[in-house]
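Asks: My structure file target_12.txt, compact mmCIF, C-alpha atoms, is below:
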# COMPACT_ATOMS: atom_id res chain seq x y z
CA MET A 1 -21.79 -23.88 3.97
CA GLY A 2 -25.20 -22.21 3.96
CA LYS A 3 -26.38 -19.32 1.87
CA GLY A 4 -25.00 -16.01 3.08
CA GLN A 5 -22.13 -17.53 5.01
CA VAL A 6 -18.61 -16.38 4.29
CA GLY A 7 -15.81 -18.51 2.92
CA ALA A 8 -14.68 -19.98 -0.39
CA SER A 9 -12.63 -22.84 -1.76
CA ALA A 10 -8.85 -22.70 -2.13
CA GLU A 11 -9.32 -22.71 -5.91
CA ALA A 12 -11.58 -19.68 -5.73
CA HIS A 13 -9.09 -17.78 -3.59
CA LYS A 14 -6.24 -18.43 -6.02
CA ALA A 15 -8.00 -16.30 -8.61
CA PHE A 16 -7.58 -13.20 -6.46
CA GLY A 17 -3.81 -13.10 -6.12
CA ASN A 18 -3.67 -9.83 -8.03
CA VAL A 19 -6.25 -8.12 -5.84
CA LEU A 20 -4.36 -5.75 -3.53
CA VAL A 21 -5.40 -5.08 0.05
CA LEU A 22 -3.40 -2.14 1.39
CA GLY A 23 -3.06 -1.56 5.11
CA ILE A 24 -2.07 1.88 6.39
CA GLY A 25 -0.91 2.32 9.97
CA GLY A 26 -1.59 5.85 11.12
CA SER A 27 0.30 5.83 14.39
CA PRO A 28 3.45 7.90 14.92
CA ARG A 29 4.78 4.90 16.85
CA GLN A 30 6.59 2.15 14.99
CA SER A 31 5.54 -1.42 15.87
CA GLY A 32 2.73 -0.27 18.13
CA ASN A 33 -0.84 -1.39 18.69
CA THR A 34 -2.25 0.16 15.53
CA GLU A 35 0.37 -1.57 13.39
CA TYR A 36 -0.30 -4.87 15.13
CA LEU A 37 -4.04 -4.72 14.45
CA VAL A 38 -3.78 -3.64 10.81
CA LYS A 39 -1.20 -6.34 10.13
CA TYR A 40 -3.40 -8.86 11.95
CA VAL A 41 -6.19 -8.28 9.43
CA LEU A 42 -3.76 -8.29 6.51
CA GLU A 43 -2.40 -11.66 7.60
CA ARG A 44 -5.89 -13.15 7.73
CA VAL A 45 -6.73 -11.74 4.31
CA ALA A 46 -3.43 -13.01 2.85
CA GLU A 47 -4.31 -16.50 4.07
CA LYS A 48 -7.29 -16.32 1.73
CA GLY A 49 -5.10 -15.72 -1.29
CA PHE A 50 -5.14 -11.95 -1.60
CA ARG A 51 -2.07 -9.79 -2.14
CA THR A 52 -1.37 -7.55 0.83
CA GLU A 53 0.89 -4.62 1.58
CA TYR A 54 1.49 -2.53 4.68
CA ILE A 55 2.55 1.10 4.91
CA SER A 56 3.41 2.72 8.23
CA LEU A 57 3.05 6.47 8.48
CA SER A 58 5.49 6.48 11.39
CA GLY A 59 8.47 8.66 10.53
CA LYS A 60 6.78 10.04 7.42
CA VAL A 61 5.98 13.68 6.80
CA ILE A 62 2.59 14.43 5.25
CA HIS A 63 1.56 18.06 5.46
CA PRO A 64 -2.09 19.05 5.89
CA CYS A 65 -4.18 19.95 2.85
CA LYS A 66 -3.99 23.67 2.01
CA ALA A 67 -7.36 23.66 0.20
CA CYS A 68 -5.66 25.49 -2.67
CA TYR A 69 -7.60 23.47 -5.28
CA GLY A 70 -4.50 23.18 -7.44
CA CYS A 71 -5.13 19.44 -7.75
CA ARG A 72 -8.35 20.19 -9.64
CA GLU A 73 -6.24 21.16 -12.63
CA THR A 74 -3.69 18.35 -12.62
CA GLY A 75 -5.09 15.56 -10.44
CA ARG A 76 -1.95 15.82 -8.34
CA CYS A 77 -1.33 17.62 -5.08
CA THR A 78 0.63 20.84 -5.54
CA GLN A 79 2.57 20.31 -2.32
CA LYS A 80 5.97 18.76 -2.90
CA GLY A 81 8.80 17.51 -0.77
CA ASP A 82 6.89 15.30 1.66
CA ASP A 83 5.81 11.64 1.66
CA PHE A 84 2.27 12.02 0.33
CA GLU A 85 2.72 11.02 -3.31
CA PRO A 86 4.31 7.56 -2.76
CA VAL A 87 1.58 6.59 -0.30
CA TYR A 88 -1.16 8.01 -2.52
CA ALA A 89 0.19 6.02 -5.47
CA ARG A 90 -0.29 2.78 -3.52
CA MET A 91 -3.78 3.86 -2.45
CA ARG A 92 -4.70 4.42 -6.09
CA GLU A 93 -3.59 0.91 -7.01
CA ALA A 94 -5.24 -0.88 -4.10
CA ASP A 95 -8.59 -2.64 -4.32
CA ALA A 96 -9.16 -2.35 -0.58
CA LEU A 97 -7.85 0.07 2.03
CA ILE A 98 -7.51 -0.80 5.71
CA VAL A 99 -6.78 2.41 7.60
CA GLY A 100 -5.85 2.10 11.26
CA SER A 101 -5.46 4.99 13.65
CA PRO A 102 -4.80 5.53 17.32
CA VAL A 103 -7.24 7.79 19.10
CA HIS A 104 -5.79 11.22 19.87
CA TYR A 105 -8.19 13.12 22.15
CA GLY A 106 -11.22 11.59 20.45
CA SER A 107 -9.90 11.98 16.92
CA ALA A 108 -7.95 10.04 14.34
CA SER A 109 -4.27 10.92 14.23
CA PRO A 110 -3.36 14.16 12.43
CA ILE A 111 -1.15 12.42 9.87
CA VAL A 112 -3.96 10.03 8.90
CA MET A 113 -6.35 12.89 8.27
CA SER A 114 -3.72 14.86 6.33
CA LEU A 115 -3.23 11.83 4.08
CA LEU A 116 -6.94 11.21 3.60
CA ASP A 117 -7.84 14.87 3.02
CA ARG A 118 -5.24 15.27 0.31
CA ALA A 119 -6.03 11.91 -1.26
CA ALA A 120 -9.71 12.79 -1.52
CA PHE A 121 -9.06 16.16 -3.14
CA SER A 122 -6.47 14.78 -5.55
CA SER A 123 -8.67 11.87 -6.62
CA ARG A 124 -11.60 13.98 -7.78
CA LYS A 125 -9.83 15.06 -10.98
CA GLU A 126 -9.33 11.40 -11.89
CA GLY A 127 -13.00 10.58 -11.67
CA ARG A 128 -13.46 9.36 -8.11
CA ILE A 129 -10.86 6.62 -8.29
CA PHE A 130 -11.83 5.24 -4.87
CA SER A 131 -15.38 4.51 -5.98
CA ARG A 132 -16.47 0.96 -5.04
CA LYS A 133 -13.17 0.06 -3.50
CA VAL A 134 -13.42 -1.56 -0.09
CA GLY A 135 -12.72 0.68 2.90
CA VAL A 136 -12.02 -0.62 6.40
CA PRO A 137 -11.47 1.55 9.51
CA ILE A 138 -9.75 0.43 12.71
CA ALA A 139 -9.42 2.62 15.81
CA VAL A 140 -7.42 1.79 18.92
CA ALA A 141 -7.35 3.62 22.25
CA ARG A 142 -6.42 2.89 25.84
CA ARG A 143 -9.94 3.63 27.15
CA ALA A 144 -12.40 5.68 25.07
CA GLY A 145 -12.89 7.97 22.08
CA HIS A 146 -13.00 5.19 19.50
CA ASN A 147 -16.40 6.13 18.11
CA PHE A 148 -15.36 9.61 17.05
CA ALA A 149 -12.14 8.43 15.40
CA LEU A 150 -13.94 5.54 13.73
CA ALA A 151 -16.60 7.94 12.46
CA GLN A 152 -13.96 10.18 10.88
CA LEU A 153 -12.58 7.25 8.91
CA LEU A 154 -16.06 5.99 7.98
CA TYR A 155 -17.13 9.42 6.74
CA TRP A 156 -14.08 9.49 4.47
CA PHE A 157 -14.81 6.06 3.01
CA LEU A 158 -18.48 6.88 2.46
CA ILE A 159 -18.01 10.31 0.86
CA ASN A 160 -15.54 8.69 -1.54
CA ASP A 161 -18.15 6.12 -2.64
CA MET A 162 -16.40 3.17 -1.05
CA ILE A 163 -17.93 -0.05 0.30
CA VAL A 164 -17.48 -0.69 4.02
CA PRO A 165 -17.84 -4.25 5.37
CA GLY A 166 -19.11 -4.81 8.88
CA SER A 167 -18.26 -7.36 11.53
CA THR A 168 -19.69 -8.73 14.76
CA TYR A 169 -18.73 -5.55 16.63
CA TRP A 170 -17.21 -2.16 15.87
CA THR A 171 -13.65 -2.48 14.60
CA VAL A 172 -12.01 -0.99 17.67
CA ALA A 173 -9.58 -2.22 20.30
CA LEU A 174 -8.54 -1.33 23.83
CA ALA A 175 -4.77 -1.10 24.14
CA GLY A 176 -1.92 1.22 24.99
CA ALA A 177 -2.46 2.15 28.63
CA GLY A 178 0.78 3.66 29.89
CA GLY A 179 2.32 3.22 26.46
CA ALA A 180 1.90 -0.57 26.51
CA ARG A 181 1.96 -2.56 23.29
CA ASP A 182 -0.76 -4.98 24.29
CA ALA A 183 -3.36 -5.10 21.50
CA ALA A 184 -3.01 -8.89 21.38
CA ASN A 185 -4.67 -9.04 24.81
CA ASP A 186 -8.00 -7.71 23.51
CA ARG A 187 -9.45 -11.07 22.50
CA GLU A 188 -12.84 -9.65 21.57
CA ALA A 189 -11.20 -7.19 19.19
CA LEU A 190 -9.21 -9.97 17.52
CA ALA A 191 -12.35 -12.08 17.12
CA THR A 192 -14.06 -9.08 15.55
CA LEU A 193 -11.13 -8.63 13.16
CA ASP A 194 -11.14 -12.33 12.28
CA HIS A 195 -14.72 -12.02 11.08
CA LEU A 196 -13.91 -8.70 9.42
CA ALA A 197 -11.19 -10.41 7.36
CA GLU A 198 -13.73 -13.01 6.26
CA ASN A 199 -16.08 -10.25 5.15
CA ILE A 200 -13.33 -8.38 3.31
CA ALA A 201 -12.49 -11.53 1.36
CA TRP A 202 -16.14 -12.28 0.64
CA LEU A 203 -16.78 -8.73 -0.54
CA LEU A 204 -13.72 -8.62 -2.78
CA GLU A 205 -14.69 -11.95 -4.32
CA LYS A 206 -18.11 -10.51 -5.15
CA THR A 207 -16.87 -7.20 -6.54
CA ARG A 208 -13.54 -7.96 -8.21
Rewrite the structure of this file - the entire thing - as structure tokens.

Replies:
Amino acid sequence: MGKGQVGASAEAHKAFGNVLVLGIGGSPRQSGNTEYLVKYVLERVAEKGFRTEYISLSGKVIHPCKACYGCRETGRCTQKGDDFEPVYARMREADALIVGSPVHYGSASPIVMSLLDRAAFSSRKEGRIFSRKVGVPIAVARRAGHNFALAQLLYWFLINDMIVPGSTYWTVALAGAGGARDAANDREALATLDHLAENIAWLLEKTR
């Protein structure tokens, strides 16, 4: 394998069994297209010896950030009684975050942005705990609007000092027309995600 190409031996991959790649599905739908795509990447990464975990935000309640700045004192969000803290705890532990979102009128889903806004604020007290972790965005829509949703996720990764791997195309997929669960039909998207998984593994091997 030539210089700059991705890939590593089975022995090399075994050394990364404690490196956690966390996938977060930001769709309100259970077992939908967003979940399929995030899990698709996780499966490819797991094949390379990395530990993976998936969290669906479907059915969870995560309130928007109040911008109260209470977390500046304690490093913990002052809002209680919703599902933010358990998800945030897994984000803190992870070495890489794959965040997938459906496109809602040109934007990432509200629950994804509520999670990310609160996570960013809460993390500042702890010394930018997301710094140099790997951040991966995935956006899925039936027709258009991917670029805006993808940009929202990218902006979050970049402002939190994370490293974003690329692929052979933007990490987007066309699926969901009429409520269909048909992400597996977008072969170009899956090929893009295959290469993305290779790059995630390569990057984690270089940085962990």

Asks: Go through A:Pro165, A:Gly106, A:Gly176, A:Gly70 and flag the residue nearest Ala201 of chain A, using all atoms listed in the file for the distances.

Replies: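 Result for the nearest residue to Ala201 of chain A: A:Pro165.
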
Asks: Would you write out, as a Markdown table, a table of all residues in segment 49-131 of chain A that have an atom no more than 10 Å from an atom of segment 22-37 of chain A, listing for each the closest atom pair and the distance in Å to one decimal, considering all atoms listed in the file and ordering rows by chain and rising residue number?

Replies:
| residue | atom | partner | partner_atom | distance |
| --- | --- | --- | --- | --- |
| A:Arg51 | CA | A:Leu22 | CA | 8.5 |
| A:Thr52 | CA | A:Leu22 | CA | 5.8 |
| A:Glu53 | CA | A:Leu22 | CA | 5.0 |
| A:Tyr54 | CA | A:Gly23 | CA | 4.7 |
| A:Ile55 | CA | A:Ile24 | CA | 4.9 |
| A:Ser56 | CA | A:Gly25 | CA | 4.7 |
| A:Leu57 | CA | A:Gly26 | CA | 5.4 |
| A:Ser58 | CA | A:Pro28 | CA | 4.3 |
| A:Gly59 | CA | A:Pro28 | CA | 6.7 |
| A:Lys60 | CA | A:Pro28 | CA | 8.5 |
| A:Val87 | CA | A:Ile24 | CA | 9.0 |
| A:Arg90 | CA | A:Leu22 | CA | 7.6 |
| A:Met91 | CA | A:Leu22 | CA | 7.1 |
| A:Glu93 | CA | A:Leu22 | CA | 8.9 |
| A:Ala94 | CA | A:Leu22 | CA | 5.9 |
| A:Asp95 | CA | A:Leu22 | CA | 7.7 |
| A:Ala96 | CA | A:Leu22 | CA | 6.1 |
| A:Leu97 | CA | A:Leu22 | CA | 5.0 |
| A:Ile98 | CA | A:Gly23 | CA | 4.6 |
| A:Val99 | CA | A:Ile24 | CA | 4.9 |
| A:Gly100 | CA | A:Gly25 | CA | 5.1 |
| A:Ser101 | CA | A:Gly26 | CA | 4.7 |
| A:Pro102 | CA | A:Ser27 | CA | 5.9 |
| A:Val103 | CA | A:Ser27 | CA | 9.1 |
| A:His104 | CA | A:Ser27 | CA | 9.8 |
| A:Ala108 | CA | A:Gly26 | CA | 8.3 |
| A:Ser109 | CA | A:Gly26 | CA | 6.5 |
| A:Pro110 | CA | A:Gly26 | CA | 8.6 |
| A:Ile111 | CA | A:Gly26 | CA | 6.7 |
| A:Val112 | CA | A:Gly26 | CA | 5.3 |
| A:Met113 | CA | A:Gly26 | CA | 9.0 |
| A:Leu115 | CA | A:Gly26 | CA | 9.4 |

Asks: I need the chosen residues saved as a JSON list (two decimals), in the frame of the given file, with C-alpha atoms.

Replies:
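As written to disk, result-v2.json reads:
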[["chain", "number", "residue", "atom", "x", "y", "z"],
["A", 51, "ARG", "CA", -2.07, -9.79, -2.14],
["A", 52, "THR", "CA", -1.37, -7.55, 0.83],
["A", 53, "GLU", "CA", 0.89, -4.62, 1.58],
["A", 54, "TYR", "CA", 1.49, -2.53, 4.68],
["A", 55, "ILE", "CA", 2.55, 1.10, 4.91],
["A", 56, "SER", "CA", 3.41, 2.72, 8.23],
["A", 57, "LEU", "CA", 3.05, 6.47, 8.48],
["A", 58, "SER", "CA", 5.49, 6.48, 11.39],
["A", 59, "GLY", "CA", 8.47, 8.66, 10.53],
["A", 60, "LYS", "CA", 6.78, 10.04, 7.42],
["A", 87, "VAL", "CA", 1.58, 6.59, -0.30],
["A", 90, "ARG", "CA", -0.29, 2.78, -3.52],
["A", 91, "MET", "CA", -3.78, 3.86, -2.45],
["A", 93, "GLU", "CA", -3.59, 0.91, -7.01],
["A", 94, "ALA", "CA", -5.24, -0.88, -4.10],
["A", 95, "ASP", "CA", -8.59, -2.64, -4.32],
["A", 96, "ALA", "CA", -9.16, -2.35, -0.58],
["A", 97, "LEU", "CA", -7.85, 0.07, 2.03],
["A", 98, "ILE", "CA", -7.51, -0.80, 5.71],
["A", 99, "VAL", "CA", -6.78, 2.41, 7.60],
["A", 100, "GLY", "CA", -5.85, 2.10, 11.26],
["A", 101, "SER", "CA", -5.46, 4.99, 13.65],
["A", 102, "PRO", "CA", -4.80, 5.53, 17.32],
["A", 103, "VAL", "CA", -7.24, 7.79, 19.10],
["A", 104, "HIS", "CA", -5.79, 11.22, 19.87],
["A", 108, "ALA", "CA", -7.95, 10.04, 14.34],
["A", 109, "SER", "CA", -4.27, 10.92, 14.23],
["A", 110, "PRO", "CA", -3.36, 14.16, 12.43],
["A", 111, "ILE", "CA", -1.15, 12.42, 9.87],
["A", 112, "VAL", "CA", -3.96, 10.03, 8.90],
["A", 113, "MET", "CA", -6.35, 12.89, 8.27],
["A", 115, "LEU", "CA", -3.23, 11.83, 4.08]]

Asks: Just the residues within 10 Å of Tyr105 of chain A, please, counting only C-alpha atoms, with nothing from its chain fewer than 4 positions along; format it as a list in words.

Replies: Ser109, Ala141, Ala144, Gly145, His146, Phe148 and Ala149 of chain A

Asks: With only C-alpha atoms as the basis for distance, which of A:Leu154, A:Thr74, A:Phe16, A:Cys68 is at the shortest distance from Gly49 of chain A?

Replies: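 The closest residue to Gly49 of chain A is A:Phe16.
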
Asks: Quick one: of A:Glu198, A:Ala139, A:Lys48, A:Asn185, who's nearest to Ser107 of chain A, counting only C-alpha atoms?

Replies: A:Ala139

Asks: Go through A:Ala46, A:Leu203, A:Ala119, A:Ala191 and flag the residue nearest Pro64 of chain A, using only C-alpha atoms for the distances.

Replies: A:Ala119

Asks: Hey, can you check how far atom CA of Asp82 of chain A sits from atom CA of Asp161 of chain A?

Replies: 27.0 Å

Asks: To one decimal in Å, tell me the separation between atom CA of Tyr155 of chain A and atom CA of Gly75 of chain A.

Replies: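 Between atom CA of Tyr155 of chain A and atom CA of Gly75 of chain A the gap is 21.9 Å.
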
Asks: Please compute the atom CA of Ala197 of chain A-atom CA of Val45 of chain A distance, one decimal, in Å.

Replies: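 These two atoms are separated by 5.6 Å.
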
Asks: Could you tell me which of A:Trp202, A:Trp170, A:Phe121, A:Phe84 comes closest to Leu150 of chain A if we count all atoms listed in the file?

Replies: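 Ranked by minimum distance to Leu150 of chain A, first place goes to A:Trp170.
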
Asks: Considering all atoms listed in the file, state which residue in the set A:Ala180, A:Leu42, A:Ala120, A:Ala89 is at the smallest distance from Met162 of chain A.

Replies: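 Using all atoms listed in the file, Met162 of chain A sits closest to A:Ala120.
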
Asks: Leaving out Arg72 of chain A and any residue of its chain fewer than 3 positions from it, which residues lie within 8 Å of it when counting all atoms listed in the file, given as an mmCIF file with C-alpha atoms, keeping the file's coordinate frame?

Replies:
data_model
loop_
_atom_site.group_PDB
_atom_site.id
_atom_site.type_symbol
_atom_site.label_atom_id
_atom_site.label_comp_id
_atom_site.auth_asym_id
_atom_site.auth_seq_id
_atom_site.Cartn_x
_atom_site.Cartn_y
_atom_site.Cartn_z
ATOM 1 C CA TYR A 69 -7.600 23.470 -5.280
ATOM 2 C CA GLY A 75 -5.090 15.560 -10.440
ATOM 3 C CA ARG A 76 -1.950 15.820 -8.340
ATOM 4 C CA PHE A 121 -9.060 16.160 -3.140
ATOM 5 C CA SER A 122 -6.470 14.780 -5.550
ATOM 6 C CA ARG A 124 -11.600 13.980 -7.780
ATOM 7 C CA LYS A 125 -9.830 15.060 -10.980
#

Asks: Which residues, written as a PyMOL selection string, have at least one atom at most 6 Å from segment 172-175 of chain A, with all atoms listed in the file counted and residues fewer than 5 positions away on the same chain left out?

Replies: chain A and resi 138-142+182-183+189

Asks: Which residues are close to segment 156-160 of chain A, i.e. within 7 Å by only C-alpha atoms, leaving aside same-chain residues fewer than 2 positions away? Reply as a PyMOL selection string.

Replies: chain A and resi 128+130-131+135+152-154+162
